[in-house]
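Trainee: One structure coming up, written as structure tokens, with questions to follow.
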2 protein chains.
Amino acid sequence: MIIQAAPPDTRMRIVLAAMELFWEKGFLSASVADLLKRADVNAGSLYHFFPGKQDVLLAVLDLYHRGIWEMLLNPVWQGIDDPIERVFALLAKYREHILQTDCTYGCPIGSLALELHEPDPPVRELLAANFSAWTEAIEQCLRAAGPRLPRNTDRAALARFVLTTMEGGVMLARTYRDPKPFDDAVAQLRDHFRRLQQQAQPAVRKKRGSK
Amino acid sequence: MIIQAAPPDTRMRIVLAAMELFWEKGFLSASVADLLKRADVNAGSLYHFFPGKQDVLLAVLDLYHRGIWEMLLNPVWQGIDDPIERVFALLAKYREHILQTDCTYGCPIGSLALELHEPDPPVRELLAANFSAWTEAIEQCLRAAGPRLPRNTDRAALARFVLTTMEGGVMLARTYRDPKPFDDAVAQLRDHFRRLQQQAQPAVRKKRGSK
DNA sequence: CAGTCAGTTGACTGATCATTCAAGTCGCGC
DNA sequence: GCGCGACTTGAATGATCAGTCAACTGACTG
């Protein structure tokens with residue numbers, strides 16, 4: 001029977017510190033020494049759990065991947081049922097991040113994807129898996145939207161387009177130190193969705209008179 | 001009178017080598033030693049022209065900025081007059097790059113924008129200036145499209161959305177090692193443009209019966 | 001020819017990098 | 001209370017990093 005009130009859980013402390021650090025400074029700029037200090041751990045401990053720095057990155061990406069619902073999607077979608085509004089609620093969450101970081105926010109996955117020019121295959125695969133988990137959640141929304149979108153809409157492609165818009169928007173917002181490019185991108189996407197919905201239900205009065 | 005047949009132009013050789021190297025490996029991963037070797041130059045020479053590595057980056061970004069018409073836009077738009085087709089011709093050019101690099105292509109500006117987490121102000125400003133030059137060229141196309149787009153279209157915002165789509169698409173194509181996400185994003189953008197054009201000219205027969 | 005100076009040479013520096021390792025601590029089964 | 005293995009400690013290692021510098025070259029000027 002395992003009682004062990006609060007195990008130090010050094011490994012997790014390392015991974016969480018690395019999560020912060022890689023997000024703040026990027027993988028290349030974050031040194032192992034930084035990481036050791038932030039996690040309050042000695043070099044030997046780190047190398048007891050991980051063969052090397054890159055394996056810490058793998059653990060970080062794995063944690064993002066595993067936690068996408070619990071840490072990101074569920075909180076954002078709490079209380080929002082409309083599947084299309086869920087899409088834009090997620091984008092609004094990123095807008096929040098942008099504002100909270102004075103427009104220095106970068107999507108941790110996207111930044112790593114562009115920072116690492118020749119990522120080892122396992123790293124690249126985990127980056128891709130993270131993108132896939134994100135777009136699959138969006139795709140699920142788009143399927144739930146059912147006939148509100150044109151019947152022949154490629155919902156996987158549209159979901160990926162949402163990610164594309166988010167990543168591109170985040171990149172520009174950060175570069176310009178201004179949320180406007182992000183807002184504009186989301187507004188364009190909104191417009192696109194409106195037109196899709198109009199095509200799906202031409203000349204039909206709104207179901208609900210709400211608003 | 002300056003005759004000087006072919007000055008070695010060490011400075012330019014350094015900048016061009018850095019352009020290649022930063023694009024291939026990123027700014028952080030490209031070492032000064034790499035750069036010296038590729039440019040076939042000694043350390044002293046490099047530091048004679050540039051105070052430091054970052055100043056080489058500034059020169060590279062400046063060269064991209066100055067050369068955007070001559071090196072990118074003019075070649076791509078040669079023989080294409082339709083302003084909206086010019087937008088998609090530029091995107092097609094990026095698709096070519098993606099294919100030619102086995103889906104490892106990254107926009108040099110976008111990659112740097114996400115790689116450098118705390119860029120010195122002059123670097124960030126040059127990155128932004130590069131984006132602005134790109135979007136202003138697109139905006140010019142959109143203005144040239146005149147009444148083919150709805151009158152109240154925010155052409156600057158739409159131009160930025162084109163950049164957003166390109167950058168996001170390139171990021172996903174590279175991460176998935178597959179051009180499809182890029183193609184899908186461009187297809188979505190096409191669709192969006194089609195709808196804008198339909199709104200601008202509702203129920204008007206095509207001017208030309210071509211095709 | 002003497003003087004000047006932009007440009008070159010390449011060995012060198014000190015900082016920082018990721019990683020290693022021998023020696024230790026601790027809890028637990030026996 | 002002994003032994004064992006999981007985990008910790010932190011100094012040490014060698015590689016690599018960006019950047020420095022004193023000596024040198026050669027074209028030009030006066």
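Going through the structure tokens in order, the chains are called A, B, and so on, while each chain numbers its residues from 1 and the ligands are numbered from 1 in the order shown.
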Considering only C-alpha atoms (C1' of nucleotides), return as a PyMOL selection string whatever protein or nucleic-acid residues lie within 10 Å of Phe131 in chain B, sequence-local ones (same chain, fewer than 5 positions apart) excluded.

Mentor: (chain A and resi 172+175-176) or (chain B and resi 65+109-110+125-126+136+160+163)

Trainee: List as a list in words the protein and nucleic acid residues near Thr10 in chain B, meaning an atom at most 10 Å away when only C-alpha atoms (C1' of nucleotides) are counted, but skip any in the same chain fewer than 5 places from it.

Mentor: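 After dropping sequence-adjacent residues, the list is Val15, Leu16, Ala39, Asp40, Val41, Ser45, Leu46 and Phe49 of chain B; DG7 of chain C.
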
Trainee: May I have the residues from that selection written out with N, CA and C atoms (P, O5', C5', C4', C3', O3' and C1' of nucleotides), as a short mmCIF file (atom, residue, chain, number, x, y, z; two decimals), in the first residue's frame?

Mentor:
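Okay, selection-v9.cif is ready:
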data_model
loop_
_atom_site.label_atom_id
_atom_site.label_comp_id
_atom_site.auth_asym_id
_atom_site.auth_seq_id
_atom_site.Cartn_x
_atom_site.Cartn_y
_atom_site.Cartn_z
N VAL B 15 27.21 38.37 -45.40
CA VAL B 15 25.75 38.51 -45.27
C VAL B 15 25.04 37.39 -46.03
N LEU B 16 25.54 37.10 -47.24
CA LEU B 16 24.88 36.05 -48.02
C LEU B 16 25.04 34.68 -47.36
N ALA B 39 31.46 31.51 -45.33
CA ALA B 39 31.80 32.74 -46.04
C ALA B 39 33.27 32.77 -46.43
N ASP B 40 34.03 31.80 -45.96
CA ASP B 40 35.47 31.73 -46.22
C ASP B 40 36.14 33.04 -45.78
N VAL B 41 36.05 33.29 -44.51
CA VAL B 41 36.47 34.56 -43.94
C VAL B 41 37.05 34.28 -42.55
N SER B 45 38.00 39.50 -39.77
CA SER B 45 37.31 40.22 -40.85
C SER B 45 35.85 40.44 -40.51
N LEU B 46 35.23 39.37 -40.02
CA LEU B 46 33.82 39.51 -39.67
C LEU B 46 33.64 40.62 -38.64
N PHE B 49 33.74 44.19 -39.84
CA PHE B 49 32.54 44.78 -40.46
C PHE B 49 31.35 44.84 -39.51
P DG C 7 37.31 48.57 -45.59
"O5'" DG C 7 38.23 47.28 -45.47
"C5'" DG C 7 38.89 46.77 -46.62
"C4'" DG C 7 39.82 45.68 -46.18
"C3'" DG C 7 39.16 44.47 -45.50
"O3'" DG C 7 39.36 43.33 -46.33
"C1'" DG C 7 41.14 45.11 -44.40
#

Trainee: Residues of chain D within 10 Å of chain B, counting only C-alpha atoms (C1' of nucleotides), what are they? List them as a list in words.

Mentor: DT16, DC17, DA18, DG19, DT20 and DC21 of chain D

Trainee: Write a file of the just-selected residues containing C-alpha atoms (C1' of nucleotides), as a tab-separated table (two decimals), in the first residue's frame.

Mentor:
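Okay, this is what ended up in result.tsv:
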chain	number	residue	atom	x	y	z
D	16	DT	C1'	31.97	24.77	-28.22
D	17	DC	C1'	30.55	29.36	-27.94
D	18	DA	C1'	31.03	34.56	-29.30
D	19	DG	C1'	34.28	37.72	-29.31
D	20	DT	C1'	39.45	39.85	-28.96
D	21	DC	C1'	43.78	41.28	-30.45

Trainee: To one decimal place in Å, what is the distance between CA of Leu61 in chain A and CA of Asp183 in chain A?

Mentor: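 Answer for the CA of Leu61 in chain A to CA of Asp183 in chain A separation: 27.5 Å.
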
Trainee: Residues of chain B near chain A: apply a cut-off of 6 Å, count only C-alpha atoms, and supply the list as a PDB file with C-alpha atoms, in the first residue's frame.

Mentor:
ATOM      1  CA  LYS B  25      19.810  26.162 -39.066  1.00  0.00           C
ATOM      2  CA  SER B 111      11.101  31.237 -38.211  1.00  0.00           C
ATOM      3  CA  LEU B 114       9.380  32.639 -33.303  1.00  0.00           C
ATOM      4  CA  GLU B 115      12.927  31.511 -32.588  1.00  0.00           C
ATOM      5  CA  HIS B 117      12.039  35.048 -27.759  1.00  0.00           C
ATOM      6  CA  ALA B 128       8.012  43.554 -38.442  1.00  0.00           C
ATOM      7  CA  ALA B 157      -6.571  43.355 -42.589  1.00  0.00           C
ATOM      8  CA  PHE B 161      -4.780  37.475 -43.140  1.00  0.00           C
ATOM      9  CA  THR B 164      -1.250  34.681 -41.452  1.00  0.00           C
ATOM     10  CA  THR B 165      -2.476  31.871 -43.678  1.00  0.00           C
ATOM     11  CA  GLU B 167       2.869  31.469 -42.145  1.00  0.00           C
ATOM     12  CA  GLY B 168       0.501  29.091 -40.424  1.00  0.00           C
ATOM     13  CA  GLY B 169       0.378  26.831 -43.459  1.00  0.00           C
ATOM     14  CA  THR B 175       5.768  19.958 -38.823  1.00  0.00           C
ATOM     15  CA  TYR B 176       3.807  17.276 -40.642  1.00  0.00           C
ATOM     16  CA  ASP B 184      -5.751  23.094 -47.424  1.00  0.00           C
ATOM     17  CA  ALA B 185      -5.119  26.496 -45.904  1.00  0.00           C
ATOM     18  CA  HIS B 192     -13.013  32.911 -48.716  1.00  0.00           C
TER      19      HIS B 192
END

Trainee: When the cut-off is 9 Å and we count only C-alpha atoms (C1' of nucleotides), which residues of chain C are near chain A, given as a VMD selection string?

Mentor: chain C and resid 17 to 21

Trainee: Taking the DSSP secondary structure from the backbone, can you list the residues of chain B that are helix (DSSP H, G or I), as a VMD selection string?

Mentor: chain B and resid 10 to 25 32 to 39 43 to 49 53 to 77 83 to 100 108 to 115 121 to 144 146 to 148 155 to 176 180 to 200

Trainee: Just give me the gap between CA of Pro179 in chain B and CA of Leu58 in chain A in Å, one decimal is fine.

Mentor: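 About the pair CA of Pro179 in chain B and CA of Leu58 in chain A: they are 24.6 Å apart.
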
Trainee: Write out as a ChimeraX atom specification which residues come within 12 Å of DG5 in chain D when counting only C-alpha atoms (C1' of nucleotides), dropping same-chain ones fewer than 4 positions away.

Mentor: /C:26-29

Trainee: Can you pull out the residues contacting DT25 in chain C? Cut-off 12 Å, using only C-alpha atoms (C1' of nucleotides), and skip same-chain residues under 5 positions away; I want them as a PDB file with C-alpha atoms (C1' of nucleotides), in the first residue's frame.

Mentor:
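File result36.pdb, as written:
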ATOM      1  C1'  DA D   6      16.661   4.173  -6.042  1.00  0.00           C
ATOM      2  C1'  DC D   7      17.769   8.672  -5.825  1.00  0.00           C
ATOM      3  C1'  DT D   8      20.931  12.797  -4.720  1.00  0.00           C
ATOM      4  C1'  DT D   9      25.088  15.544  -4.547  1.00  0.00           C
TER       5       DT D   9
END

Trainee: Could you pull the residues within 12 Å of Ala145 in chain A, counting only C-alpha atoms (C1' of nucleotides), minus those fewer than 6 positions along the same chain, as a PyMOL selection string?

Mentor: chain A and resi 81-87+138-139+151+153+155+193+196-197+200

Trainee: Hey, can you spit out that residue selection with N, CA and C atoms as a PDB file, in the first residue's frame?

Mentor:
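Dumped to out-v9.pdb:
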ATOM      1  N   ASP A  81     -21.765  25.598 -25.021  1.00  0.00           N
ATOM      2  CA  ASP A  81     -22.268  24.387 -25.668  1.00  0.00           C
ATOM      3  C   ASP A  81     -22.236  24.493 -27.180  1.00  0.00           C
ATOM      4  N   ASP A  82     -22.479  25.689 -27.661  1.00  0.00           N
ATOM      5  CA  ASP A  82     -22.508  25.859 -29.114  1.00  0.00           C
ATOM      6  C   ASP A  82     -21.153  25.510 -29.711  1.00  0.00           C
ATOM      7  N   PRO A  83     -21.128  24.538 -30.599  1.00  0.00           N
ATOM      8  CA  PRO A  83     -19.828  24.046 -31.078  1.00  0.00           C
ATOM      9  C   PRO A  83     -19.040  25.095 -31.852  1.00  0.00           C
ATOM     10  N   ILE A  84     -19.728  25.955 -32.567  1.00  0.00           N
ATOM     11  CA  ILE A  84     -18.986  26.971 -33.339  1.00  0.00           C
ATOM     12  C   ILE A  84     -18.446  28.039 -32.393  1.00  0.00           C
ATOM     13  N   GLU A  85     -19.231  28.357 -31.380  1.00  0.00           N
ATOM     14  CA  GLU A  85     -18.718  29.306 -30.392  1.00  0.00           C
ATOM     15  C   GLU A  85     -17.522  28.732 -29.648  1.00  0.00           C
ATOM     16  N   ARG A  86     -17.491  27.426 -29.516  1.00  0.00           N
ATOM     17  CA  ARG A  86     -16.325  26.795 -28.870  1.00  0.00           C
ATOM     18  C   ARG A  86     -15.054  27.065 -29.645  1.00  0.00           C
ATOM     19  N   VAL A  87     -15.170  27.023 -30.944  1.00  0.00           N
ATOM     20  CA  VAL A  87     -13.994  27.316 -31.782  1.00  0.00           C
ATOM     21  C   VAL A  87     -13.463  28.711 -31.452  1.00  0.00           C
ATOM     22  N   ILE A 138     -11.093  20.549 -32.626  1.00  0.00           N
ATOM     23  CA  ILE A 138     -11.852  21.527 -33.421  1.00  0.00           C
ATOM     24  C   ILE A 138     -12.736  20.805 -34.438  1.00  0.00           C
ATOM     25  N   GLU A 139     -12.163  19.784 -35.024  1.00  0.00           N
ATOM     26  CA  GLU A 139     -12.925  19.029 -36.024  1.00  0.00           C
ATOM     27  C   GLU A 139     -14.192  18.447 -35.388  1.00  0.00           C
ATOM     28  N   ARG A 151     -23.003  20.917 -46.320  1.00  0.00           N
ATOM     29  CA  ARG A 151     -22.872  19.480 -46.139  1.00  0.00           C
ATOM     30  C   ARG A 151     -21.503  18.960 -46.598  1.00  0.00           C
ATOM     31  N   THR A 153     -18.654  20.380 -46.588  1.00  0.00           N
ATOM     32  CA  THR A 153     -17.482  21.020 -45.970  1.00  0.00           C
ATOM     33  C   THR A 153     -16.473  19.964 -45.499  1.00  0.00           C
ATOM     34  N   ARG A 155     -14.331  19.092 -42.989  1.00  0.00           N
ATOM     35  CA  ARG A 155     -14.228  19.630 -41.617  1.00  0.00           C
ATOM     36  C   ARG A 155     -12.832  19.459 -41.032  1.00  0.00           C
ATOM     37  N   PHE A 193     -16.627  31.885 -41.519  1.00  0.00           N
ATOM     38  CA  PHE A 193     -17.616  30.981 -40.923  1.00  0.00           C
ATOM     39  C   PHE A 193     -19.042  31.481 -41.171  1.00  0.00           C
ATOM     40  N   LEU A 196     -20.034  30.555 -44.542  1.00  0.00           N
ATOM     41  CA  LEU A 196     -20.308  29.119 -44.637  1.00  0.00           C
ATOM     42  C   LEU A 196     -21.691  28.820 -44.069  1.00  0.00           C
ATOM     43  N   GLN A 197     -21.999  29.435 -42.943  1.00  0.00           N
ATOM     44  CA  GLN A 197     -23.291  29.178 -42.317  1.00  0.00           C
ATOM     45  C   GLN A 197     -24.433  29.724 -43.180  1.00  0.00           C
ATOM     46  N   ALA A 200     -25.106  27.347 -45.807  1.00  0.00           N
ATOM     47  CA  ALA A 200     -25.741  26.127 -45.321  1.00  0.00           C
ATOM     48  C   ALA A 200     -27.234  26.329 -45.096  1.00  0.00           C
TER      49      ALA A 200
END

Trainee: Just the number, please: distance in Å from C1' of DA23 in chain C to CA of Phe50 in chain A, one decimal.

Mentor: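 Computing the Euclidean distance for C1' of DA23 in chain C and CA of Phe50 in chain A yields 20.8 Å.
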